[in-house]
file upload00.txt (compact mmCIF, C-alpha atoms)
# COMPACT_ATOMS: atom_id res chain seq x y z
CA MET A 1 30.40 100.70 -117.82
CA PHE A 2 32.80 101.27 -114.93
CA ALA A 3 31.79 104.95 -114.85
CA PHE A 4 28.14 103.90 -114.61
CA LEU A 5 29.02 101.45 -111.83
CA VAL A 6 30.79 104.22 -109.90
CA ASN A 7 27.71 106.42 -110.32
CA LEU A 8 25.38 103.67 -109.05
CA LEU A 9 27.55 103.00 -106.00
CA GLU A 10 27.71 106.72 -105.20
CA ARG A 11 23.91 106.87 -105.37
CA GLN A 12 23.69 103.82 -103.10
CA ASN A 13 26.07 105.45 -100.67
CA ARG A 14 23.99 108.65 -100.54
CA LEU A 15 20.90 106.58 -99.81
CA MET A 16 22.77 104.69 -97.07
CA GLU A 17 23.78 108.02 -95.53
CA ASP A 18 20.14 109.15 -95.70
CA LEU A 19 19.07 105.92 -94.00
CA ILE A 20 21.66 106.45 -91.26
CA HIS A 21 20.33 109.96 -90.69
CA LEU A 22 16.77 108.61 -90.61
CA GLY A 23 17.84 105.86 -88.20
CA ARG A 24 19.11 108.52 -85.81
CA GLU A 25 15.83 110.43 -86.17
CA GLU A 26 13.96 107.19 -85.48
CA MET A 27 15.99 106.66 -82.32
CA THR A 28 15.20 110.17 -81.12
CA ALA A 29 11.49 109.71 -81.89
CA LEU A 30 11.46 106.42 -79.98
CA LYS A 31 13.23 107.95 -76.98
CA ASP A 32 10.87 110.95 -77.01
CA ASN A 33 7.80 108.78 -77.66
CA ASP A 34 6.99 111.05 -80.63
CA MET A 35 4.63 108.95 -82.73
CA ASP A 36 4.13 111.62 -85.42
CA ALA A 37 7.88 111.88 -86.01
CA LEU A 38 8.19 108.10 -85.93
CA ALA A 39 5.48 107.71 -88.59
CA ARG A 40 7.16 110.32 -90.81
CA VAL A 41 10.59 108.75 -90.42
CA THR A 42 9.20 105.30 -91.17
CA ARG A 43 7.63 106.55 -94.42
CA GLU A 44 10.90 108.18 -95.45
CA GLN A 45 12.85 105.01 -94.59
CA GLU A 46 10.50 102.95 -96.75
CA GLN A 47 10.98 105.30 -99.70
CA ALA A 48 14.77 105.29 -99.37
CA SER A 49 14.79 101.50 -99.00
CA ARG A 50 12.71 101.07 -102.17
CA GLN A 51 15.11 103.33 -104.07
CA LEU A 52 18.05 101.36 -102.69
CA VAL A 53 16.54 98.09 -103.95
CA ILE A 54 16.08 99.57 -107.43
CA ILE A 55 19.66 100.83 -107.58
CA GLU A 56 20.95 97.50 -106.28
CA GLY A 57 19.16 95.75 -109.12
CA GLU A 58 20.78 98.13 -111.59
CA ARG A 59 24.20 97.51 -110.02
CA VAL A 60 23.80 93.75 -110.30
CA GLU A 61 22.80 94.15 -113.95
CA VAL A 62 25.84 96.34 -114.72
CA GLN A 63 28.15 93.85 -113.02
CA HIS A 64 26.52 91.06 -115.02
CA ARG A 65 27.11 92.96 -118.28
CA LEU A 66 30.69 93.65 -117.23
CA GLY A 67 31.15 89.94 -116.57
CA GLN A 68 29.85 89.11 -120.02
CA THR A 69 31.99 91.79 -121.68
CA LEU A 70 35.10 90.64 -119.85
CA ASP A 71 34.16 86.96 -120.33
CA LEU A 72 34.14 86.35 -116.56
CA GLY A 73 30.78 84.63 -116.27
CA SER A 74 27.82 85.66 -114.14
CA GLY A 75 27.12 86.17 -110.47
CA LEU A 76 30.11 88.44 -110.02
CA THR A 77 30.82 90.57 -107.00
CA LEU A 78 32.39 93.99 -107.11
CA GLY A 79 35.66 92.40 -106.03
CA ASP A 80 35.54 90.14 -109.09
CA VAL A 81 35.36 93.02 -111.58
CA LEU A 82 37.58 95.44 -109.67
CA PRO A 83 40.90 94.15 -111.07
CA TYR A 84 39.64 94.95 -114.59
CA ALA A 85 38.77 98.56 -113.84
CA GLY A 86 41.13 101.28 -115.02
CA GLY A 87 43.24 103.15 -112.47
CA GLU A 88 40.88 106.05 -111.72
CA TYR A 89 37.81 103.78 -111.67
CA ARG A 90 39.55 101.22 -109.48
CA GLU A 91 40.44 103.90 -106.91
CA SER A 92 36.89 105.27 -106.95
CA LEU A 93 35.30 101.84 -106.70
CA MET A 94 37.56 100.77 -103.85
CA GLY A 95 36.85 103.99 -101.93
CA ILE A 96 33.10 103.82 -102.42
CA ALA A 97 32.98 100.11 -101.55
CA ASP A 98 34.88 100.83 -98.34
CA THR A 99 32.53 103.68 -97.42
CA LEU A 100 29.48 101.53 -98.20
CA ARG A 101 30.78 98.77 -95.90
CA ARG A 102 31.27 101.24 -93.03
CA ASN A 103 27.88 102.86 -93.61
CA TYR A 104 26.18 99.46 -93.77
CA ALA A 105 27.73 98.45 -90.45
CA GLN A 106 26.65 101.75 -88.88
CA LEU A 107 23.11 101.32 -90.22
CA GLN A 108 22.91 97.77 -88.84
CA GLU A 109 24.01 99.02 -85.42
CA LEU A 110 21.37 101.78 -85.45
CA ASN A 111 18.69 99.30 -86.51
CA GLU A 112 19.62 96.95 -83.65
CA ILE A 113 19.40 99.77 -81.11
CA ASN A 114 16.06 100.91 -82.53
CA LYS A 115 14.70 97.34 -82.43
CA LEU A 116 15.67 97.13 -78.76
CA LEU A 117 13.92 100.44 -78.04
CA ILE A 118 10.79 99.22 -79.82
CA ARG A 119 10.79 95.92 -77.90
CA GLN A 120 11.22 97.82 -74.66
CA SER A 121 8.28 100.10 -75.50
CA LEU A 122 6.09 97.15 -76.47
CA GLY A 123 6.94 95.37 -73.23
CA TYR A 124 5.99 98.46 -71.24
CA ILE A 125 2.71 98.83 -73.16
CA ASN A 126 1.85 95.16 -72.60
CA ARG A 127 2.49 95.47 -68.87
CA LEU A 128 0.23 98.53 -68.71
CA LEU A 129 -2.52 96.75 -70.62
CA GLN A 130 -2.32 93.72 -68.34
CA ALA A 131 -2.58 95.95 -65.28
CA MET A 132 -5.53 97.90 -66.67
CA VAL A 133 -7.45 95.05 -68.31
CA PRO A 134 -6.40 91.65 -67.01
CA THR A 135 -7.07 88.83 -69.43
CA GLU A 136 -6.69 86.02 -66.90
CA ASN A 137 -9.68 84.69 -64.93
CA LEU A 138 -12.26 86.62 -66.97
CA THR A 139 -15.82 85.34 -66.57
CA TYR A 140 -19.14 86.27 -68.09
CA GLY A 141 -22.13 87.03 -65.91
CA SER A 142 -25.73 85.97 -66.59
CA MET A 143 -26.40 89.29 -68.35
CA GLY A 144 -23.28 89.06 -70.55
CA GLN A 145 -21.15 91.41 -68.49
CA VAL A 146 -17.46 90.60 -68.18
CA GLY A 147 -16.13 90.10 -64.69
CA THR A 148 -12.95 88.87 -63.12
CA GLY A 149 -13.08 85.58 -61.33
CA ALA A 150 -11.12 84.36 -58.36
CA GLY A 151 -10.33 87.71 -56.81
CA GLY A 152 -8.94 89.43 -59.92
CA THR A 153 -9.41 93.15 -60.14
CA SER A 154 -9.20 95.57 -63.01
CA LEU A 155 -8.17 99.18 -63.05
CA ILE A 156 -10.81 99.76 -65.72
CA ASP A 157 -14.37 98.58 -65.13
CA ARG A 158 -15.38 98.50 -68.77
CA THR A 159 -13.74 98.41 -72.15
CA VAL A 160 -14.87 100.93 -74.73
call {"tool": "encode", "arguments": {"input": "upload00.txt", "output": "structure tokens"}}
result
Amino acid sequence: MFAFLVNLLERQNRLMEDLIHLGREEMTALKDNDMDALARVTREQEQASRQLVIIEGERVEVQHRLGQTLDLGSGLTLGDVLPYAGGEYRESLMGIADTLRRNYAQLQELNEINKLLIRQSLGYINRLLQAMVPTENLTYGSMGQVGTGAGGTSLIDRTV
């Protein structure tokens, strides 16, 4: 079971590395305002995330079975079962767990930067929309046309 656990963690780590690579691509697409690349990257991130969730479920199940086999109970963490792993498995598990922690931290950092870039873009878009089609002081004329009241002006005379 420890060999299977090592295999699952290695698969998780590869997916984390893929997500880090995709996070960098997302950042580039956001900086370049490349919506096609952003859509592609988002689809790939969703696929990798779904795979990661599946593998995580398998890992939890293996740790649960290990806990039962070793009579340790349920709800165990990797650290709980690590002392029971043989020498080669213990070394592998410790190394992979360390790498996963670093990759997770790097992925969180990338996600925070990308969220900031998205918020910045949305703020810019909202300011442009407000300048082009003000939503304050809108009035309707007798024929149903929309006008701006109290001296408001619009950069666009009609909305299509």
call {"tool": "axis_aligned_box", "arguments": {"input": "upload00.txt", "around": "range 24-32 of chain A", "padding_each_side": "4 Å", "output": "lines of an AutoDock Vina configuration file"}}
result
center_x = 15.0
center_y = 108.7
center_z = -81.6
size_x = 16.2
size_y = 12.5
size_z = 17.2
call {"tool": "atom_distance", "arguments": {"input": "upload00.txt", "atom1": "CA of Ile20 in chain A", "atom2": "CA of Ser92 in chain A"}}
result
21.9 Å
call {"tool": "residues_around", "arguments": {"input": "upload00.txt", "residues": "range 115-119 of chain A", "least_positions_apart": "5", "cutoff": "9 Å", "atoms": "all atoms listed in the file", "output": "JSON, numbers by chain"}}
result
{"A": [27, 30, 31, 110, 124]}
call {"tool": "residues_around", "arguments": {"input": "upload00.txt", "residues": "Gln12 in chain A", "least_positions_apart": "3", "cutoff": "10 Å", "atoms": "all atoms listed in the file", "output": "VMD selection string"}}
result
chain A and resid 6 to 9 15 to 18 48 51 to 56 59 96 100
call {"tool": "atom_distance", "arguments": {"input": "upload00.txt", "atom1": "CA of Ala85 in chain A", "atom2": "CA of Thr99 in chain A"}}
result
18.3 Å
call {"tool": "atom_distance", "arguments": {"input": "upload00.txt", "atom1": "CA of Arg50 in chain A", "atom2": "CA of Leu82 in chain A"}}
result
26.6 Å
call {"tool": "residues_around", "arguments": {"input": "upload00.txt", "residues": "Glu88 in chain A", "least_positions_apart": "5", "cutoff": "10 Å", "atoms": "all atoms listed in the file", "output": "list in words"}}
result
Phe2, Ala3 and Leu93 of chain A
call {"tool": "residues_around", "arguments": {"input": "upload00.txt", "residues": "Val62 in chain A", "least_positions_apart": "6", "cutoff": "8 Å", "atoms": "only C-alpha atoms", "output": "list in words"}}
result
Met1, Phe4 and Leu5 of chain A
